[in-house]
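Here is the file query.tsv (TSV, C-alpha atoms and all ligand atoms).
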```tsv
chain	number	residue	atom	x	y	z
A	1	MET	CA	-48.72	68.27	-54.30
A	2	PRO	CA	-45.44	66.51	-55.07
A	3	GLY	CA	-46.99	63.49	-56.83
A	4	VAL	CA	-48.65	63.14	-60.22
A	5	PHE	CA	-52.24	62.01	-60.70
A	6	ILE	CA	-53.20	60.33	-63.99
A	7	ALA	CA	-56.69	59.02	-64.75
A	8	PHE	CA	-57.95	56.82	-67.56
A	9	GLU	CA	-61.49	57.36	-68.80
A	10	GLY	CA	-63.66	56.01	-71.57
A	11	GLY	CA	-66.68	53.92	-72.39
A	12	GLU	CA	-67.15	50.19	-72.00
A	13	GLY	CA	-64.62	47.91	-73.65
A	14	ALA	CA	-62.22	50.73	-74.55
A	15	GLY	CA	-59.23	48.91	-73.03
A	16	LYS	CA	-58.65	51.21	-70.05
A	17	SER	CA	-57.50	48.48	-67.71
A	18	THR	CA	-54.90	47.21	-70.20
A	19	GLN	CA	-53.55	50.70	-70.85
A	20	GLU	CA	-53.54	51.54	-67.15
A	21	ARG	CA	-51.44	48.43	-66.50
A	22	LEU	CA	-49.02	49.14	-69.35
A	23	LEU	CA	-48.51	52.74	-68.22
A	24	ALA	CA	-47.92	51.61	-64.65
A	25	GLU	CA	-45.33	49.08	-65.84
A	26	HIS	CA	-43.61	51.77	-67.91
A	27	LEU	CA	-43.47	54.18	-64.96
A	28	ILE	CA	-42.19	51.51	-62.55
A	29	ALA	CA	-39.46	50.58	-65.06
A	30	SER	CA	-38.50	54.28	-65.12
A	31	GLY	CA	-38.03	54.17	-61.33
A	32	HIS	CA	-41.20	55.88	-60.10
A	33	GLU	CA	-43.30	54.81	-57.16
A	34	VAL	CA	-46.65	53.97	-58.75
A	35	VAL	CA	-49.98	53.48	-57.03
A	36	ARG	CA	-52.50	51.68	-59.23
A	37	THR	CA	-56.12	52.02	-58.30
A	38	ARG	CA	-59.63	52.05	-59.74
A	39	GLU	CA	-63.12	53.48	-59.36
A	40	PRO	CA	-65.59	52.76	-58.06
A	41	GLY	CA	-63.44	51.12	-55.41
A	42	GLY	CA	-59.92	51.44	-54.09
A	43	THR	CA	-60.66	51.10	-50.35
A	44	PRO	CA	-62.73	48.49	-48.47
A	45	ALA	CA	-65.63	50.91	-47.95
A	46	SER	CA	-65.45	52.10	-51.56
A	47	GLU	CA	-65.45	48.51	-52.80
A	48	ALA	CA	-68.55	47.87	-50.66
A	49	MET	CA	-70.24	50.87	-52.32
A	50	ARG	CA	-69.08	49.51	-55.70
A	51	ASN	CA	-70.89	46.25	-54.98
A	52	ILE	CA	-74.13	48.12	-54.36
A	53	VAL	CA	-73.94	50.49	-57.28
A	54	LEU	CA	-72.92	47.95	-59.94
A	55	SER	CA	-75.01	45.01	-58.81
A	56	PRO	CA	-77.71	43.93	-61.31
A	57	GLU	CA	-79.70	43.12	-58.15
A	58	PHE	CA	-80.45	46.88	-57.89
A	59	THR	CA	-81.73	47.42	-61.41
A	60	GLY	CA	-83.64	50.70	-61.51
A	61	LEU	CA	-81.68	52.28	-58.63
A	62	ASP	CA	-82.70	55.93	-58.31
A	63	ALA	CA	-80.41	58.09	-60.46
A	64	ARG	CA	-79.61	60.59	-57.70
A	65	SER	CA	-78.83	57.79	-55.26
A	66	GLU	CA	-76.54	56.29	-57.88
A	67	ALA	CA	-74.72	59.62	-58.30
A	68	LEU	CA	-74.36	60.01	-54.54
A	69	LEU	CA	-72.97	56.51	-54.14
A	70	PHE	CA	-70.32	57.10	-56.82
A	71	ALA	CA	-69.41	60.43	-55.20
A	72	ALA	CA	-69.26	58.90	-51.72
A	73	SER	CA	-67.06	56.08	-52.94
A	74	ARG	CA	-64.80	58.65	-54.63
A	75	GLY	CA	-64.54	60.81	-51.52
A	76	GLU	CA	-63.30	57.90	-49.44
A	77	HIS	CA	-60.90	56.82	-52.19
A	78	ALA	CA	-59.46	60.31	-52.63
A	79	ALA	CA	-58.98	60.85	-48.90
A	80	ARG	CA	-57.49	57.47	-48.03
A	81	VAL	CA	-55.57	56.41	-51.12
A	82	ILE	CA	-55.00	59.12	-53.72
A	83	ARG	CA	-54.10	62.15	-51.57
A	84	PRO	CA	-51.70	60.28	-49.26
A	85	ALA	CA	-49.93	58.79	-52.30
A	86	LEU	CA	-49.62	62.20	-53.99
A	87	ASP	CA	-48.40	63.74	-50.73
A	88	ARG	CA	-45.48	61.33	-50.61
A	89	GLY	CA	-44.61	61.96	-54.27
A	90	ALA	CA	-46.01	58.83	-55.92
A	91	VAL	CA	-47.58	58.63	-59.36
A	92	VAL	CA	-51.21	57.57	-59.04
A	93	VAL	CA	-52.70	55.80	-62.05
A	94	CYS	CA	-56.45	55.45	-61.70
A	95	ASP	CA	-58.88	53.46	-63.86
A	96	ARG	CA	-61.84	55.90	-64.02
A	97	TYR	CA	-62.36	58.99	-61.83
A	98	LEU	CA	-64.62	62.03	-61.60
A	99	ASP	CA	-65.36	62.37	-65.32
A	100	SER	CA	-67.00	58.95	-65.29
A	101	SER	CA	-69.61	60.43	-62.96
A	102	VAL	CA	-70.04	63.49	-65.17
A	103	ALA	CA	-70.45	61.27	-68.25
A	104	TYR	CA	-72.51	58.36	-66.85
A	105	GLN	CA	-74.61	60.22	-64.28
A	106	GLY	CA	-74.47	63.86	-65.45
A	107	TYR	CA	-75.05	63.19	-69.14
A	108	GLY	CA	-76.22	59.56	-69.16
A	109	ARG	CA	-78.82	59.99	-66.40
A	110	ASN	CA	-79.50	63.60	-67.35
A	111	LEU	CA	-78.64	64.88	-63.85
A	112	GLY	CA	-76.62	67.79	-65.20
A	113	ALA	CA	-72.87	67.81	-65.81
A	114	GLU	CA	-72.13	70.79	-63.57
A	115	ARG	CA	-74.14	69.52	-60.64
A	116	VAL	CA	-72.56	66.07	-60.75
A	117	ARG	CA	-69.10	67.55	-61.17
A	118	SER	CA	-69.53	69.86	-58.18
A	119	LEU	CA	-70.83	66.96	-56.07
A	120	SER	CA	-67.62	65.04	-56.71
A	121	LEU	CA	-65.48	68.13	-56.23
A	122	TRP	CA	-67.08	68.56	-52.83
A	123	ALA	CA	-66.63	64.86	-52.02
A	124	THR	CA	-62.93	64.90	-52.93
A	125	ASN	CA	-62.09	68.36	-51.62
A	126	SER	CA	-61.43	69.40	-55.23
A	127	LEU	CA	-58.90	66.74	-56.13
A	128	LEU	CA	-58.48	66.62	-59.91
A	129	PRO	CA	-56.05	64.61	-62.07
A	130	ASP	CA	-53.03	66.31	-63.63
A	131	LEU	CA	-53.78	64.41	-66.82
A	132	THR	CA	-56.80	62.43	-67.98
A	133	ILE	CA	-56.46	60.00	-70.87
A	134	VAL	CA	-59.74	59.36	-72.67
A	135	LEU	CA	-59.81	56.13	-74.65
A	136	ASP	CA	-62.43	56.72	-77.30
A	137	VAL	CA	-64.22	53.84	-79.00
A	138	ASP	CA	-67.54	53.41	-80.80
A	139	PRO	CA	-69.82	51.79	-78.17
A	140	VAL	CA	-71.02	49.26	-80.75
A	141	ILE	CA	-67.46	47.92	-80.83
A	142	GLY	CA	-66.74	48.42	-77.12
A	143	LEU	CA	-69.88	46.66	-75.91
A	144	ARG	CA	-69.07	43.65	-78.07
A	145	ARG	CA	-66.04	43.09	-75.87
A	146	ILE	CA	-68.14	42.84	-72.69
A	147	THR	CA	-69.20	39.49	-71.31
A	148	ASN	CA	-71.34	39.30	-68.20
A	149	PRO	CA	-72.47	42.97	-68.08
A	150	ASP	CA	-72.88	44.84	-64.78
A	151	ARG	CA	-75.80	47.21	-64.10
A	152	LEU	CA	-74.30	50.13	-66.06
A	153	GLU	CA	-72.94	48.05	-68.92
A	154	ALA	CA	-76.42	46.59	-69.40
A	155	GLU	CA	-77.84	50.03	-70.30
A	156	PRO	CA	-79.02	50.45	-73.93
A	157	LEU	CA	-76.73	51.58	-76.73
A	158	VAL	CA	-78.14	55.12	-76.77
A	159	TYR	CA	-76.98	55.57	-73.16
A	160	HIS	CA	-73.43	54.53	-74.08
A	161	GLU	CA	-73.48	56.87	-77.07
A	162	LEU	CA	-74.35	59.73	-74.73
A	163	VAL	CA	-71.48	58.72	-72.46
A	164	ARG	CA	-69.07	58.76	-75.40
A	165	THR	CA	-70.20	62.24	-76.47
A	166	ALA	CA	-69.80	63.39	-72.88
A	167	PHE	CA	-66.18	62.30	-72.58
A	168	LEU	CA	-65.33	63.99	-75.89
A	169	GLU	CA	-67.01	67.22	-74.81
A	170	ILE	CA	-65.33	67.24	-71.40
A	171	ALA	CA	-61.92	66.64	-72.98
A	172	GLY	CA	-62.51	69.21	-75.71
A	173	GLY	CA	-63.15	71.89	-73.10
A	174	GLU	CA	-59.75	71.47	-71.44
A	175	PRO	CA	-57.23	70.27	-74.03
A	176	ASP	CA	-54.25	70.95	-71.72
A	177	ARG	CA	-55.41	68.39	-69.16
A	178	TYR	CA	-56.81	65.74	-71.51
A	179	LEU	CA	-55.47	63.38	-74.13
A	180	VAL	CA	-58.07	61.74	-76.37
A	181	ILE	CA	-56.93	58.53	-78.03
A	182	ASP	CA	-58.62	56.49	-80.74
A	183	ALA	CA	-58.91	53.20	-78.86
A	184	SER	CA	-59.53	51.15	-82.00
A	185	ARG	CA	-55.77	51.34	-82.71
A	186	ALA	CA	-53.25	48.65	-81.74
A	187	VAL	CA	-52.70	48.28	-78.00
A	188	SER	CA	-48.93	48.82	-78.36
A	189	ASP	CA	-49.37	52.02	-80.41
A	190	ILE	CA	-51.73	53.46	-77.81
A	191	ALA	CA	-49.39	52.50	-74.98
A	192	ALA	CA	-46.44	54.17	-76.75
A	193	GLU	CA	-48.37	57.42	-77.23
A	194	VAL	CA	-49.56	57.44	-73.63
A	195	SER	CA	-46.08	56.73	-72.24
A	196	ALA	CA	-44.49	59.44	-74.36
A	197	LEU	CA	-46.95	62.07	-73.17
A	198	VAL	CA	-46.68	61.03	-69.54
A	199	ASP	CA	-42.86	61.12	-69.78
A	200	LEU	CA	-43.14	64.72	-70.99
A	201	LEU	CA	-45.46	65.55	-68.10
A	202	MET	CA	-43.04	64.01	-65.61
A	203	GLN	CA	-40.08	65.89	-67.09
A	204	GLY	CA	-41.99	69.14	-66.75
A	205	ARG	CA	-42.44	68.36	-63.06
A	206	GLN	CA	-38.73	67.89	-62.31
B	301	LIG	P1	-65.99	48.48	-64.16
B	301	LIG	O1	-66.24	47.02	-64.01
B	301	LIG	O2	-64.86	49.10	-63.47
B	301	LIG	O3	-66.04	48.81	-65.68
B	301	LIG	P2	-64.95	49.32	-66.66
B	301	LIG	O4	-64.01	48.16	-66.83
B	301	LIG	O5	-65.77	49.66	-67.85
B	301	LIG	O6	-64.32	50.52	-66.03
B	301	LIG	O7	-67.34	49.20	-63.75
B	301	LIG	C1	-67.47	50.51	-63.64
B	301	LIG	C2	-68.83	50.89	-64.16
B	301	LIG	O8	-69.34	51.97	-63.39
B	301	LIG	C3	-68.79	51.35	-65.59
B	301	LIG	O9	-69.93	50.90	-66.28
B	301	LIG	C4	-68.87	52.85	-65.48
B	301	LIG	C5	-69.63	53.07	-64.21
B	301	LIG	N1	-69.31	54.29	-63.47
B	301	LIG	C6	-70.26	55.30	-63.35
B	301	LIG	O10	-71.37	55.17	-63.88
B	301	LIG	N2	-69.96	56.42	-62.64
B	301	LIG	C7	-68.74	56.59	-62.02
B	301	LIG	O11	-68.50	57.62	-61.38
B	301	LIG	C8	-67.77	55.53	-62.15
B	301	LIG	C9	-66.43	55.66	-61.50
B	301	LIG	C10	-68.10	54.40	-62.89
```
Written as structure tokens, how would this file's structure read?
Ligand code: TYD
Amino acid sequence: MPGVFIAFEGGEGAGKSTQERLLAEHLIASGHEVVRTREPGGTPASEAMRNIVLSPEFTGLDARSEALLFAASRGEHAARVIRPALDRGAVVVCDRYLDSSVAYQGYGRNLGAERVRSLSLWATNSLLPDLTIVLDVDPVIGLRRITNPDRLEAEPLVYHELVRTAFLEIAGGEPDRYLVIDASRAVSDIAAEVSALVDLLMQGRQ
């Protein structure tokens, strides 16, 4: 595909949204067409699924149903937003993607990393990011930054510790496609490191 797909991943309060915005601004300033998006969400139907799956109203939602909803939301998002943007050569910057399901549902809900991964691969017709940036932060620190927690954020600390381990394991298994960043550093330092690596990736594509 002519475009470039970059995903941000990490636990709660890691600063993904800030870094996603700063990277998008950097890429736009460099003259790229950038599509900024997020999961769960990104299309009207996916946002509707987001409302179900994150709502504290549905506390105790069955774990498999939760995994299926995230995968369904992702399938719609990939088909309607991400693939068309990549086809026309845009850079897609996405706040969370498939590895969030592997970490939160596969590891966190103990549904199995491989099974959850293959569910999302099926849902998206095997669409994977070119680069995934994992912002790593101790959940004790990250959760302190959250006000008004949604259904997943309200899970106990041990759940978020499992999620953190998951992201590090996923990234460790494929170092060429992942960048792990210590998210306790200054926002500007992180942004500079991310931009430099993405610039390299883009140069390699030209
Ligand atoms: P969001 O408000 O976007 O949180 P954040 O700012 O932390 O990204 O809510 C997304 C929540 O959904 C977050 O707690 C992680 C969770 N999630 C999953 O459990 N599985 C998934 O596949 C995705 C995309 C998100």
With distances taken over all atoms listed in the file, the candidate from A:Leu23, A:Leu121, A:Ala154, A:Ile82 nearest ligand LIG 301 (chain B) is A:Ala154
In Å, with one decimal, what is the gap from atom CA of Val102 of chain A to atom CA of Phe70 of chain A?
10.5 Å
Residue nearest ligand LIG 301 (chain B) among A:Gln206, A:Ser120, A:Ser30, A:Ser195 (counting all atoms listed in the file)
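The closest residue to ligand LIG 301 (chain B) is A:Ser120.
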Nearest to ligand LIG 301 (chain B) among A:Arg151, A:His26, A:Arg164, A:Arg177, with distances taken over only C-alpha atoms and all ligand atoms: which residue is it?
A:Arg151
Using all atoms listed in the file, what are the residues with an atom within 9 Å of ligand LIG 301 (chain B), set out as a PyMOL selection string?
chain A and resi 9-17+38-41+50+53-54+66-67+69-71+73-74+95-105+108+120+146+149-155
Using atom CA of Ala183 of chain A and atom CA of Asp138 of chain A as the two end points, give the distance in Å to one decimal.
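Atom CA of Ala183 of chain A sits 8.8 Å away from atom CA of Asp138 of chain A.
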For Val34 of chain A, list every protein, DNA or RNA residue within 8 Å, evaluated using all atoms listed in the file, and leave out those in the same chain fewer than 5 positions away; present the list as a VMD selection string.
chain A and resid 24 27 to 28 90 to 93
Please indicate the distance in Å from atom CA of Ser65 of chain A to atom CA of Leu119 of chain A, rounded to one decimal place.
12.2 Å
Taking all atoms listed in the file into account, name the residue in A:Asn110, A:Ser184, A:Ser118, A:Thr18 that is nearest to Ile141 of chain A.
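Of the candidates, the smallest distance to Ile141 of chain A is held by A:Ser184.
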Nearest to Glu114 of chain A, restricted to only C-alpha atoms and choosing among A:Ala191, A:Ile170, A:Val198, A:Met49, comes out as A:Ile170
Which of these residues is nearest to Asp136 of chain A, using all atoms listed in the file: A:Val4, A:Leu68, A:Ile181, A:Ala63?
A:Ile181
